[in-house]
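The file entry-v6.txt contains compact mmCIF, C-alpha atoms:
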```txt
# COMPACT_ATOMS: atom_id res chain seq x y z
CA MET A 1 49.11 36.26 89.92
CA THR A 2 50.78 35.25 86.70
CA SER A 3 54.46 34.46 86.50
CA THR A 4 56.70 37.13 85.02
CA PHE A 5 56.21 36.54 81.31
CA THR A 6 54.19 33.43 80.56
CA GLY A 7 53.76 32.01 77.09
CA MET A 8 56.90 33.62 75.80
CA ASN A 9 60.28 32.08 75.22
CA SER A 10 63.15 33.64 77.05
CA ASN A 11 65.03 34.61 73.86
CA GLN A 12 62.11 36.65 72.68
CA ARG A 13 61.73 38.21 76.11
CA ASP A 14 65.42 39.12 76.35
CA PHE A 15 65.43 40.55 72.84
CA TYR A 16 62.62 42.99 73.59
CA LEU A 17 63.77 43.92 77.08
CA GLU A 18 67.24 44.66 75.79
CA ALA A 19 65.82 46.72 72.93
CA ILE A 20 63.72 48.79 75.33
CA ASP A 21 66.70 49.25 77.64
CA ASN A 22 68.94 50.34 74.76
CA THR A 23 66.33 52.79 73.51
CA LEU A 24 66.10 54.47 76.90
CA GLU A 25 69.89 54.41 77.24
CA LYS A 26 70.04 56.44 74.02
CA GLY A 27 67.81 59.10 75.57
CA LEU A 28 69.79 59.08 78.81
CA ALA A 29 72.25 61.87 78.07
CA ALA A 30 69.42 64.11 76.87
CA LYS A 31 67.42 63.39 80.01
CA GLU A 32 70.39 64.15 82.25
CA VAL A 33 71.26 67.44 80.59
CA VAL A 34 67.61 68.52 80.64
CA CYS A 35 67.43 67.82 84.40
CA SER A 36 70.59 69.87 84.86
CA ILE A 37 69.29 72.82 82.83
CA THR A 38 65.89 72.72 84.56
CA THR A 39 67.56 72.99 87.96
CA GLY A 40 69.61 75.90 86.63
CA PHE A 41 66.35 77.68 85.69
CA ARG A 42 65.73 78.07 89.45
CA ASP A 43 68.67 80.46 89.50
CA ILE A 44 67.68 82.60 86.51
CA PRO A 45 65.66 85.67 87.55
CA SER A 46 63.48 85.80 84.41
CA ILE A 47 62.49 82.12 84.72
CA ARG A 48 62.78 80.98 88.34
CA THR A 49 59.21 81.81 89.34
CA ALA A 50 57.59 81.70 85.89
CA PRO A 51 54.19 80.01 85.49
CA GLY A 52 54.71 76.58 84.02
CA LEU A 53 58.09 75.97 85.62
CA ASN A 54 56.77 73.76 88.42
CA PRO A 55 54.68 71.51 86.16
CA TYR A 56 57.57 71.42 83.68
CA HIS A 57 59.94 70.39 86.46
CA ALA A 58 57.41 67.74 87.60
CA SER A 59 57.17 66.33 84.06
CA VAL A 60 60.96 66.27 83.73
CA ALA A 61 61.24 64.51 87.11
CA ASP A 62 58.49 62.06 86.14
CA ILE A 63 60.37 61.24 82.95
CA GLY A 64 63.57 60.72 84.91
CA TYR A 65 61.66 58.46 87.29
CA GLY A 66 60.07 56.54 84.39
CA PHE A 67 63.43 55.89 82.70
CA ASP A 68 64.88 54.63 85.98
CA ALA A 69 61.81 52.52 86.76
CA VAL A 70 61.77 50.74 83.40
CA ARG A 71 65.51 50.20 83.33
CA GLY A 72 65.54 49.10 86.98
CA THR A 73 62.78 46.57 86.34
CA ILE A 74 64.61 45.19 83.30
CA MET A 75 67.78 44.94 85.39
CA ARG A 76 65.94 43.00 88.09
CA ILE A 77 64.51 40.57 85.53
CA HIS A 78 67.99 40.07 84.02
CA GLN A 79 69.31 39.31 87.48
CA GLY A 80 66.86 36.42 87.60
CA GLU A 81 64.23 37.92 89.85
CA SER A 82 60.68 36.79 89.16
CA ILE A 83 58.38 39.80 89.51
CA SER A 84 54.72 38.88 89.36
CA LEU A 85 53.71 42.44 88.47
CA ALA A 86 56.45 42.93 85.85
CA LYS A 87 54.10 43.36 82.88
CA ASP A 88 51.87 45.83 84.69
CA MET A 89 54.93 47.73 85.89
CA LEU A 90 56.34 48.05 82.39
CA VAL A 91 53.01 49.14 80.92
CA PHE A 92 52.37 51.56 83.78
CA GLU A 93 55.76 53.24 83.51
CA LEU A 94 55.76 53.42 79.73
CA ASP A 95 52.23 54.81 79.79
CA THR A 96 53.27 57.41 82.37
CA LEU A 97 56.20 58.37 80.15
CA ARG A 98 53.73 58.87 77.29
CA ILE A 99 51.65 61.23 79.45
CA SER A 100 54.66 63.16 80.77
CA GLU A 101 56.07 63.55 77.28
CA LYS A 102 52.82 65.16 76.11
CA GLN A 103 52.94 67.63 78.99
CA LEU A 104 56.57 68.51 78.51
CA ASN A 105 56.42 71.03 75.65
CA PRO A 106 53.36 73.08 76.63
CA ASN A 107 54.70 73.56 80.16
CA PHE A 108 58.20 74.30 78.90
CA GLU A 109 57.00 76.99 76.49
CA LEU A 110 54.94 78.58 79.25
CA ALA A 111 57.91 78.57 81.64
CA VAL A 112 60.31 80.25 79.21
CA LYS A 113 57.87 82.76 77.71
CA GLY A 114 59.41 85.72 79.55
CA ALA A 115 63.02 84.54 79.40
CA LYS A 116 65.75 87.06 78.55
CA PRO A 117 68.00 86.66 75.49
CA ASP A 118 71.05 85.63 77.55
CA THR A 119 69.26 82.36 78.36
CA PHE A 120 68.16 81.57 74.81
CA TYR A 121 70.97 79.06 74.29
CA LEU A 122 69.69 77.02 77.26
CA ILE A 123 66.16 77.21 75.90
CA GLU A 124 67.21 76.08 72.42
CA GLN A 125 69.24 73.26 73.91
CA SER A 126 66.29 72.14 76.07
CA ARG A 127 63.92 72.13 73.08
CA TYR A 128 66.34 70.03 71.08
CA LEU A 129 66.96 67.58 73.94
CA ASN A 130 63.25 67.32 74.75
CA CYS A 131 62.69 66.17 71.15
CA GLN A 132 65.32 63.47 71.63
CA ILE A 133 63.69 62.37 74.87
CA ALA A 134 60.30 62.23 73.14
CA GLU A 135 61.72 60.05 70.38
CA SER A 136 63.21 57.53 72.76
CA ILE A 137 59.96 57.37 74.75
CA LYS A 138 57.90 56.76 71.61
CA GLU A 139 60.28 54.06 70.44
CA ALA A 140 60.29 52.37 73.86
CA ILE A 141 56.47 52.33 73.85
CA ARG A 142 56.40 50.91 70.32
CA LEU A 143 58.74 48.13 71.45
CA GLY A 144 56.72 47.53 74.61
CA LYS A 145 53.54 47.10 72.58
CA ALA A 146 55.26 44.77 70.11
CA PHE A 147 56.63 42.79 73.04
CA LEU A 148 53.40 42.31 74.95
CA GLY A 149 50.98 42.14 72.00
CA PRO A 150 47.35 41.88 73.11
CA GLU A 151 48.47 41.74 76.74
CA TRP A 152 49.47 45.40 76.57
CA LYS A 153 45.80 46.37 76.51
CA ILE A 154 44.91 44.02 79.34
CA SER A 155 47.66 45.44 81.57
CA HIS A 156 46.78 48.95 80.46
CA ALA A 157 43.17 48.49 81.56
CA ARG A 158 44.36 47.16 84.90
CA ILE A 159 46.70 50.04 85.70
CA GLN A 160 44.10 52.72 84.88
CA ASN A 161 43.05 52.95 88.53
CA ILE A 162 46.59 53.82 89.59
CA GLN A 163 47.10 56.13 86.62
CA ALA A 164 43.95 58.04 87.62
CA ILE A 165 45.25 58.93 91.11
CA PRO A 166 45.83 62.69 91.17
CA ARG A 167 49.48 63.66 91.02
CA LEU A 168 51.09 66.62 92.64
CA MET B 1 74.71 86.40 82.53
CA PRO B 2 77.93 87.75 84.03
CA ASN B 3 78.69 84.50 85.86
CA SER B 4 78.48 82.35 82.76
CA GLN B 5 81.94 83.39 81.52
CA PRO B 6 83.74 80.20 80.48
CA MET B 7 86.25 78.90 83.01
CA GLU B 8 89.24 76.63 82.49
CA ILE B 9 89.47 73.24 84.16
CA SER B 10 92.95 72.14 85.24
CA MET B 11 94.20 68.65 84.45
CA GLU B 12 93.89 67.79 88.11
CA ASP B 13 90.28 68.99 88.33
CA HIS B 14 89.54 67.10 85.14
CA GLN B 15 90.65 63.97 86.96
CA HIS B 16 88.46 64.81 89.95
CA LEU B 17 85.52 65.33 87.62
CA MET B 18 86.10 61.91 86.06
CA GLU B 19 86.14 60.35 89.54
CA TRP B 20 82.88 62.09 90.37
CA TRP B 21 81.36 60.82 87.12
CA LYS B 22 82.41 57.24 87.86
CA THR B 23 80.70 57.41 91.27
CA THR B 24 77.49 58.54 89.59
CA GLU B 25 77.66 55.41 87.41
CA SER B 26 77.36 53.22 90.52
CA ALA B 27 74.77 55.53 92.05
CA LYS B 28 72.67 55.26 88.89
CA ILE B 29 72.31 51.50 89.36
CA VAL B 30 71.18 51.96 92.98
CA VAL B 31 68.59 54.54 91.98
CA GLN B 32 67.23 52.41 89.14
CA HIS B 33 66.80 49.53 91.54
CA LEU B 34 65.18 51.76 94.14
CA ILE B 35 62.72 53.30 91.68
CA SER B 36 61.72 49.94 90.24
CA LEU B 37 60.91 48.68 93.75
CA ILE B 38 58.87 51.81 94.42
CA SER B 39 56.93 51.24 91.20
CA GLU B 40 56.17 47.73 92.34
CA LEU B 41 54.96 49.05 95.70
CA ARG B 42 52.70 51.59 93.98
CA LEU B 43 51.03 48.89 91.91
CA HIS B 44 50.95 46.12 94.49
CA PRO B 45 47.40 45.33 95.68
CA GLU B 46 48.66 45.12 99.27
CA SER B 47 50.03 48.67 99.21
CA SER B 48 48.61 50.74 96.33
CA HIS B 49 45.92 52.20 98.62
CA ALA B 50 48.36 53.46 101.28
CA ASP B 51 48.10 57.11 102.33
CA GLY B 52 51.18 59.15 101.54
CA MET B 53 52.01 57.08 98.46
CA VAL B 54 51.83 60.01 96.03
CA LEU B 55 54.08 62.21 98.18
CA PHE B 56 56.41 59.29 98.68
CA TYR B 57 56.92 58.50 95.02
CA ARG B 58 57.14 62.21 94.12
CA ALA B 59 59.96 62.62 96.63
CA ALA B 60 61.70 59.58 95.13
CA SER B 61 61.28 61.05 91.64
CA GLU B 62 63.21 64.09 92.86
CA ILE B 63 66.10 61.83 93.93
CA SER B 64 66.14 60.42 90.43
CA TYR B 65 65.97 63.97 89.06
CA GLY B 66 68.81 65.16 91.31
CA TYR B 67 71.12 62.35 90.25
CA ALA B 68 70.29 62.82 86.58
CA GLY B 69 70.86 66.56 86.93
CA THR B 70 74.23 66.02 88.57
CA ARG B 71 75.28 63.76 85.72
CA GLY B 72 73.95 66.28 83.21
CA CYS B 73 76.02 69.00 84.90
CA ILE B 74 79.17 66.87 84.79
CA ARG B 75 78.56 66.23 81.09
CA ARG B 76 78.23 69.99 80.56
CA ALA B 77 81.34 70.71 82.65
CA PHE B 78 83.39 68.71 80.14
CA THR B 79 82.39 71.23 77.45
CA SER B 80 83.05 74.93 76.99
CA GLU B 81 79.93 75.58 79.09
CA TYR B 82 81.93 75.25 82.32
CA SER B 83 81.46 78.45 84.31
CA TYR B 84 80.63 79.76 87.76
CA THR B 85 76.91 79.41 86.94
CA LEU B 86 77.41 75.76 86.08
CA ARG B 87 79.38 75.16 89.29
CA LYS B 88 76.42 76.44 91.27
CA ASN B 89 74.08 74.33 89.12
CA MET B 90 76.14 71.23 90.01
CA VAL B 91 75.80 71.91 93.71
CA MET B 92 72.07 72.61 93.36
CA CYS B 93 71.48 69.22 91.68
CA HIS B 94 73.52 67.39 94.27
CA SER B 95 71.73 69.04 97.18
CA PHE B 96 68.41 68.19 95.51
CA ALA B 97 69.21 64.47 95.57
CA HIS B 98 70.34 64.82 99.16
CA LYS B 99 67.30 66.79 100.35
CA TYR B 100 64.72 64.52 98.75
CA SER B 101 66.44 61.39 99.98
CA VAL B 102 65.57 62.61 103.46
CA ASP B 103 61.94 63.24 102.45
CA THR B 104 61.74 59.82 100.81
CA LYS B 105 62.92 58.08 103.98
CA VAL B 106 60.44 59.98 106.16
CA LEU B 107 57.55 59.29 103.80
CA LEU B 108 58.42 55.61 103.39
CA GLU B 109 57.90 55.09 107.12
CA ARG B 110 54.55 56.90 106.93
CA VAL B 111 53.47 54.67 104.04
CA ALA B 112 54.77 51.56 105.83
CA LYS B 113 52.47 52.20 108.81
CA GLN B 114 49.40 51.28 106.76
CA ILE B 115 50.74 48.11 105.24
CA THR B 116 50.13 44.66 106.68
CA GLY B 117 50.43 42.33 103.68
CA PRO B 118 53.59 40.20 103.81
CA ASN B 119 54.62 40.79 100.19
CA ALA B 120 54.32 44.56 100.42
CA LEU B 121 56.14 44.51 103.75
CA GLN B 122 58.96 42.66 102.09
CA LEU B 123 59.07 45.33 99.38
CA ILE B 124 59.20 48.03 102.07
CA ASP B 125 62.20 46.30 103.62
CA ARG B 126 63.98 46.12 100.30
CA ILE B 127 63.27 49.81 99.68
CA ARG B 128 64.71 50.64 103.12
CA GLY B 129 67.86 48.73 102.13
CA GLU B 130 68.13 50.59 98.83
CA LEU B 131 67.73 53.92 100.61
CA ILE B 132 70.65 53.01 102.88
CA GLU B 133 72.68 52.20 99.76
CA ASN B 134 71.55 55.49 98.32
CA ASP B 135 72.88 57.34 101.38
CA VAL B 136 76.23 55.62 100.94
CA MET B 137 76.26 56.78 97.31
CA LEU B 138 75.33 60.34 98.25
CA ASN B 139 78.24 60.45 100.69
CA GLU B 140 80.60 59.14 98.04
CA MET B 141 79.36 61.71 95.59
CA ALA B 142 79.73 64.51 98.13
CA LYS B 143 83.36 63.46 98.66
CA ARG B 144 83.99 63.55 94.93
CA ALA B 145 82.28 66.92 94.64
CA GLN B 146 84.41 68.27 97.47
CA ALA B 147 87.59 66.96 95.84
CA PHE B 148 86.58 68.71 92.63
CA PHE B 149 85.57 72.08 94.06
CA GLY B 150 87.90 72.15 97.06
CA LYS B 151 86.46 72.05 100.58
CA GLU B 152 85.91 75.77 101.12
CA PRO B 153 84.59 76.68 97.68
CA PHE B 154 82.18 73.72 97.95
CA GLN B 155 80.86 75.01 101.29
CA THR B 156 80.61 78.55 99.94
CA ILE B 157 78.51 77.43 96.98
CA GLN B 158 76.38 75.22 99.23
CA MET B 159 75.71 78.24 101.43
CA GLU B 160 74.83 80.33 98.41
CA VAL B 161 72.40 77.65 97.17
CA LYS B 162 70.78 77.52 100.59
CA GLN B 163 70.44 81.30 100.72
CA SER B 164 68.78 81.47 97.33
CA ASN B 165 65.97 79.29 98.72
CA THR B 166 65.51 81.04 102.08
CA LEU B 167 63.87 84.32 103.02
CA PRO B 168 66.34 86.95 104.20
CA ARG B 169 66.33 87.42 108.00
CA GLU B 170 64.61 90.53 109.51
```
Once more with this new file: its structure as structure tokens, please.
Amino acid sequence: MTSTFTGMNSNQRDFYLEAIDNTLEKGLAAKEVVCSITTGFRDIPSIRTAPGLNPYHASVADIGYGFDAVRGTIMRIHQGESISLAKDMLVFELDTLRISEKQLNPNFELAVKGAKPDTFYLIEQSRYLNCQIAESIKEAIRLGKAFLGPEWKISHARIQNIQAIPRL
Amino acid sequence: MPNSQPMEISMEDHQHLMEWWKTTESAKIVVQHLISLISELRLHPESSHADGMVLFYRAASEISYGYAGTRGCIRRAFTSEYSYTLRKNMVMCHSFAHKYSVDTKVLLERVAKQITGPNALQLIDRIRGELIENDVMLNEMAKRAQAFFGKEPFQTIQMEVKQSNTLPRE
């Protein structure tokens, strides 16, 4: 087990962790409104049982989970906790966000294919917010890679076994 | 949709909504902590193999989703989008967080049964603690929701939400 972030001065560490946290904070409102709208879809007759809605919901929930996981881990580090798996956790969650983000649009478009015009404003809003979410995820990953340098790949190789476990 | 006619929010309800929002700010911290601990458990060599882990973390992701959705609804309620449909949406999100908190607790104990390593056991204990905190937050949020909707309207919407996910009797 390695200590939390070896070979890195704490200023550099704090700079990157804060930058990642701020980036996700920026996507927070979008994430929250998307979760709200997605739940509302369960009450709209033309969407509630549409193909794609369950995987879309799962991707949205996974993104919500990923945001909370990364921000929670950063919070724990700031509180002085030493987490031996911190690097792997950050890489794992950011990598999962990357995967969920890629699944978001195809599943969304499938889910809303048969939607009626009175729901179009919710659909437009979701599309717009999903773009914002995607941007903050991409930026957080860019920062994560800049932060960990070559260690990103090492952690990434290590978490593959967990990433490969089938999800529901 | 006929129920999406904009509704007015009184000054008093506005205040209740703000109170509800503030409670979600504290709840957010608890959930972030909880989810980070769950991530650690999923990756920890002493626990990553445990049966039930996928169901467990999926249930937890729905807590996160329910909280986020509630906050998203409150954000929307402050705009011209406030309507009967949105009121129901708010209750749906809240009940989601509530429902999956129960699942998460049940599944945690199933996962815990297979774990013997001391570090993972310590994580399990911390997760248990966070889930207790989470229950406290859910209660607080339910109180705020009830203050906002009024006791009876809140129960009526809750009943309606329940019915829309249940097969009719007979």
Which segment 30-102 of chain B residues have any atom within 6 Å of an atom of segment 1-16 of chain B, and for each, what is the nearest pair of atoms with distance in Å to one decimal, counting all atoms listed in the file, rows sorted by chain and number, as a Markdown table?
```
| residue | atom | partner | partner_atom | distance |
| --- | --- | --- | --- | --- |
| B:Tyr82 | CA | B:Pro6 | CA | 5.6 |
| B:Ser83 | CA | B:Pro6 | CA | 4.8 |
| B:Tyr84 | CA | B:Asn3 | CA | 5.5 |
| B:Thr85 | CA | B:Ser4 | CA | 5.3 |
```
| request: Write out as a ChimeraX atom specification every residue belonging to chain B that has an atom at most 7 Å from any atom of chain A, counting only C-alpha atoms. | output: /B:1,32-33,35-36,39-40,54,61-62,64-65,68-73,89,93
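The spacing separating atom CA of Phe108 of chain A from atom CA of Glu25 of chain A amounts to 23.1 Å.
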| remark: Nearest to Asp135 of chain B, restricted to only C-alpha atoms and choosing among B:Leu17, B:Leu107, B:Ala97, B:Ile115, comes out as B:Ala97
| Separation of atom CA of Leu122 of chain A from atom CA of Arg76 of chain B in Å | 11.5 Å
| Hey, which of A:Tyr56, A:Phe147, A:Tyr121, A:Tyr128 ends up closest to Ser100 of chain A? Count only C-alpha atoms. |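 Closest candidate: A:Tyr56.
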